[in-house]
file upload21.cif (mmCIF, C-alpha atoms)
data_target
#
loop_
_atom_site.label_atom_id
_atom_site.label_comp_id
_atom_site.auth_asym_id
_atom_site.auth_seq_id
_atom_site.Cartn_x
_atom_site.Cartn_y
_atom_site.Cartn_z
CA MET B 1 -8.09 -3.60 12.52
CA LEU B 2 -4.45 -2.95 13.22
CA THR B 3 -3.12 -4.47 9.99
CA PRO B 4 -3.86 -1.49 7.70
CA LEU B 5 -2.02 0.82 10.12
CA ILE B 6 0.94 -1.56 10.19
CA ILE B 7 1.03 -1.63 6.39
CA VAL B 8 0.89 2.17 6.07
CA SER B 9 3.65 2.48 8.70
CA ILE B 10 5.79 -0.09 6.89
CA LEU B 11 5.51 1.98 3.70
CA ILE B 12 6.02 5.42 5.19
CA ILE B 13 8.78 4.95 7.77
CA PRO B 14 11.60 3.93 5.36
CA PHE B 15 10.45 6.65 2.96
CA LEU B 16 10.64 9.35 5.64
CA VAL B 17 13.93 8.15 7.12
CA LEU B 18 15.74 7.96 3.79
CA ARG B 19 14.17 11.20 2.54
CA LYS B 20 15.42 13.02 5.62
CA ASN B 21 18.93 11.60 5.26
CA SER B 22 19.36 11.49 1.47
CA GLY B 23 16.90 13.88 -0.18
CA SER B 24 14.71 12.99 -3.16
CA HIS B 25 16.83 10.03 -4.30
CA GLY B 26 16.68 8.64 -0.78
CA ALA B 27 12.93 9.16 -0.74
CA LYS B 28 12.56 7.04 -3.88
CA ILE B 29 14.76 4.28 -2.45
CA GLY B 30 12.87 4.52 0.86
CA GLY B 31 9.56 4.13 -0.97
CA ILE B 32 10.86 1.04 -2.73
CA ILE B 33 12.30 -0.43 0.50
CA GLY B 34 8.98 0.23 2.27
CA LEU B 35 7.15 -1.64 -0.49
CA SER B 36 9.65 -4.50 -0.22
CA ILE B 37 9.09 -4.72 3.54
CA ALA B 38 5.31 -4.64 2.96
CA PHE B 39 5.48 -7.59 0.55
CA THR B 40 7.65 -9.44 3.09
CA PHE B 41 4.95 -8.76 5.70
CA PHE B 42 2.29 -10.08 3.30
CA GLY B 43 4.34 -13.21 2.60
CA ILE B 44 4.88 -13.91 6.30
CA GLY B 45 1.12 -13.73 6.79
CA HIS B 46 0.67 -16.54 4.27
CA PHE B 47 2.84 -18.83 6.39
CA ILE B 48 1.60 -17.79 9.84
CA LEU B 49 -2.11 -17.54 8.99
CA THR B 50 -2.26 -20.25 6.34
CA VAL B 51 -5.54 -21.89 7.38
CA PRO B 52 -7.50 -18.64 7.86
CA MET B 53 -6.21 -17.41 4.49
CA SER B 54 -7.15 -20.67 2.80
CA GLN B 55 -10.70 -20.27 4.17
CA MET B 56 -10.95 -16.94 2.32
CA LEU B 57 -10.84 -18.76 -1.03
CA PRO B 58 -14.02 -19.90 -2.77
CA SER B 59 -14.78 -23.61 -2.35
CA TRP B 60 -14.18 -24.29 -6.05
CA VAL B 61 -10.48 -23.30 -5.76
CA PRO B 62 -8.42 -26.52 -5.69
CA ALA B 63 -5.72 -27.12 -3.05
CA PRO B 64 -6.27 -23.92 -1.07
CA ILE B 65 -3.52 -24.49 1.52
CA PRO B 66 -0.76 -25.20 -1.03
CA LEU B 67 -2.03 -22.20 -3.01
CA VAL B 68 -1.66 -19.95 0.05
CA TYR B 69 1.93 -21.19 0.46
CA VAL B 70 2.70 -20.61 -3.23
CA THR B 71 1.28 -17.08 -3.14
CA GLY B 72 3.30 -16.41 0.02
CA LEU B 73 6.45 -17.50 -1.82
CA LEU B 74 5.44 -15.25 -4.72
CA GLU B 75 5.20 -12.31 -2.32
CA PHE B 76 8.65 -13.12 -0.89
CA ALA B 77 10.05 -13.22 -4.43
CA ILE B 78 8.47 -9.83 -5.17
CA ALA B 79 9.89 -8.43 -1.91
CA LEU B 80 13.38 -9.62 -2.83
CA SER B 81 13.02 -8.29 -6.39
CA LEU B 82 11.91 -4.92 -5.02
CA ALA B 83 14.94 -4.75 -2.73
CA ILE B 84 17.25 -5.59 -5.63
CA SER B 85 15.52 -3.00 -7.84
CA ALA B 86 16.48 -0.32 -5.32
CA ALA B 87 20.05 -0.90 -6.50
CA ILE B 88 19.30 -1.83 -10.13
CA PRO B 89 16.96 0.82 -11.58
CA ARG B 90 16.37 -0.97 -14.91
CA TRP B 91 14.46 -3.67 -12.98
CA ARG B 92 12.00 -1.23 -11.45
CA ARG B 93 9.42 -1.00 -14.20
CA PRO B 94 8.94 -4.73 -14.81
CA ILE B 95 8.90 -5.46 -11.09
CA GLY B 96 6.50 -2.56 -10.55
CA TRP B 97 4.09 -4.03 -13.10
CA VAL B 98 4.30 -7.44 -11.42
CA CYS B 99 3.49 -5.81 -8.05
CA ILE B 100 0.46 -4.04 -9.46
CA ALA B 101 -0.74 -7.21 -11.21
CA VAL B 102 -0.47 -9.18 -7.96
CA LEU B 103 -2.24 -6.46 -5.96
CA ILE B 104 -5.08 -6.38 -8.49
CA GLY B 105 -5.15 -10.16 -8.89
CA PHE B 106 -5.40 -10.88 -5.17
CA PHE B 107 -8.06 -8.24 -4.46
CA PRO B 108 -11.06 -10.35 -5.61
CA VAL B 109 -10.26 -12.86 -2.84
CA ASN B 110 -10.62 -10.05 -0.30
CA VAL B 111 -13.92 -9.00 -1.88
CA TYR B 112 -15.19 -12.60 -1.82
CA ALA B 113 -14.15 -13.05 1.83
CA ALA B 114 -15.73 -9.76 2.91
CA LEU B 115 -18.99 -10.37 1.05
CA ASN B 116 -19.23 -13.81 2.65
CA HIS B 117 -17.94 -12.82 6.13
CA ILE B 118 -15.18 -15.43 5.79
CA GLY B 119 -11.74 -15.45 7.18
CA MET B 120 -9.61 -13.47 9.48
CA GLY B 121 -9.52 -9.88 10.52
CA GLY B 122 -11.81 -7.35 8.99
CA HIS B 123 -13.36 -9.82 6.55
CA LEU B 124 -15.65 -10.87 9.37
CA TRP B 125 -17.06 -7.31 9.30
CA GLY B 126 -18.49 -8.13 5.92
CA PRO B 127 -18.77 -5.66 3.04
CA VAL B 128 -18.04 -2.67 5.31
CA TYR B 129 -14.45 -3.97 5.54
CA LEU B 130 -14.05 -3.09 1.88
CA PHE B 131 -14.29 0.60 2.85
CA VAL B 132 -10.92 0.06 4.54
CA ARG B 133 -9.44 -2.58 2.26
CA ALA B 134 -10.20 -0.97 -1.11
CA PRO B 135 -8.53 2.38 -0.28
CA LEU B 136 -5.55 0.51 1.19
CA GLN B 137 -5.27 -1.57 -1.99
CA LEU B 138 -5.48 1.59 -4.08
CA MET B 139 -2.80 3.20 -1.93
CA LEU B 140 -0.50 0.22 -2.49
CA ILE B 141 -1.06 0.40 -6.25
CA LEU B 142 -0.44 4.16 -6.33
CA TRP B 143 2.64 3.75 -4.11
CA THR B 144 3.98 1.16 -6.54
CA TYR B 145 3.27 3.43 -9.50
CA TRP B 146 4.88 6.45 -7.81
CA PHE B 147 8.11 4.73 -6.82
CA MET B 148 8.47 2.02 -9.45
CA LEU B 149 6.82 3.14 -12.70
CA ARG B 150 6.96 6.89 -12.90
CA SER B 151 9.66 8.05 -15.28
CA ALA B 152 12.48 10.30 -14.15
CA SER B 153 10.98 13.19 -16.16
CA GLU B 154 7.78 12.97 -14.10
CA HIS B 155 9.71 13.46 -10.86
CA LYS B 156 10.33 17.14 -11.61
#
call {"tool": "encode", "arguments": {"input": "upload21.cif", "output": "structure tokens"}}
result
Amino acid sequence: MLTPLIIVSILIIPFLVLRKNSGSHGAKIGGIIGLSIAFTFFGIGHFILTVPMSQMLPSWVPAPIPLVYVTGLLEFAIALSLAISAAIPRWRRPIGWVCIAVLIGFFPVNVYAALNHIGMGGHLWGPVYLFVRAPLQLMLILWTYWFMLRSASEHK
């Protein structure tokens, strides 16, 4: 499973580069840019792996392929909003909450796919995949909290 390593790298590399070059403010911007790139990566997946992603949805979900496209567009919109929030700090909190809501809202699909050995990648491993996916999901939520929701007073 290479994807979790790619995601962690996408988050950490901009953070480290901007932290090294611009200190703590750069680190915050780097964390936000990394999250933006991660959501872009997620959105691309929805358009490249549309059919496998649609198979991850329960059979009672209507129009699974259009839904995968719509959720991919949502992730692109979040990525763009994150990038803009790097320059417009007042947008960070609302966008951060949207990110967390999407991360939490999409997680049950991963649980369903893993429990039923459906879909691409690690989901075929079954429930054991959740030992990788759940910590990654938690990391993404904590990353979002750290860089988007924490108040300036908590940074000290």
call {"tool": "resolve_selection", "arguments": {"input": "upload21.cif", "expression": "the PyMOL selection byres ((chain B and resi 51) around 10)", "output": "list in words"}}
result
His46, Phe47, Ile48, Leu49, Thr50, Pro52, Met53, Ser54, Gln55, Met56, Pro64, Ile65, Val68, Gly119 and Met120 of chain B
call {"tool": "residues_around", "arguments": {"input": "upload21.cif", "residues": "range 91-100 of chain B", "least_positions_apart": "4", "cutoff": "8 Å", "atoms": "only C-alpha atoms", "output": "list in words"}}
result
Ile78, Ser81, Leu82, Ser85, Ala86, Ile104, Ile141, Thr144, Tyr145, Met148 and Leu149 of chain B
call {"tool": "closest_residue", "arguments": {"input": "upload21.cif", "among": "B:Pro108, B:Gly31, B:Pro66, B:Gly72", "to": "Ile44 in chain B", "atoms": "all atoms listed in the file"}}
result
B:Gly72
call {"tool": "resolve_selection", "arguments": {"input": "upload21.cif", "expression": "the PyMOL selection byres ((chain B and resi 114-116) around 10)", "output": "VMD selection string"}}
result
chain B and resid 56 58 108 to 113 117 to 130 133
call {"tool": "atom_distance", "arguments": {"input": "upload21.cif", "atom1": "CA of Ala83 in chain B", "atom2": "CA of Gly30 in chain B"}}
result
10.2 Å
call {"tool": "residues_around", "arguments": {"input": "upload21.cif", "residues": "Leu2 in chain B", "least_positions_apart": "2", "cutoff": "12 Å", "atoms": "only C-alpha atoms", "output": "list in words"}}
result
Pro4, Leu5, Ile6, Ile7, Val8, Ser9, Gly121, Gly122 and Val132 of chain B
call {"tool": "atom_distance", "arguments": {"input": "upload21.cif", "atom1": "CA of Phe39 in chain B", "atom2": "CA of Ala79 in chain B"}}
result
5.1 Å
call {"tool": "atom_distance", "arguments": {"input": "upload21.cif", "atom1": "CA of Ala134 in chain B", "atom2": "CA of Phe106 in chain B"}}
result
11.7 Å
call {"tool": "axis_aligned_box", "arguments": {"input": "upload21.cif", "around": "range 71-90 of chain B", "padding_each_side": "3 Å", "output": "AutoDock Vina command-line options"}}
result
--center_x 10.7 --center_y -8.3 --center_z -7.4 --size_x 24.8 --size_y 24.3 --size_z 20.9
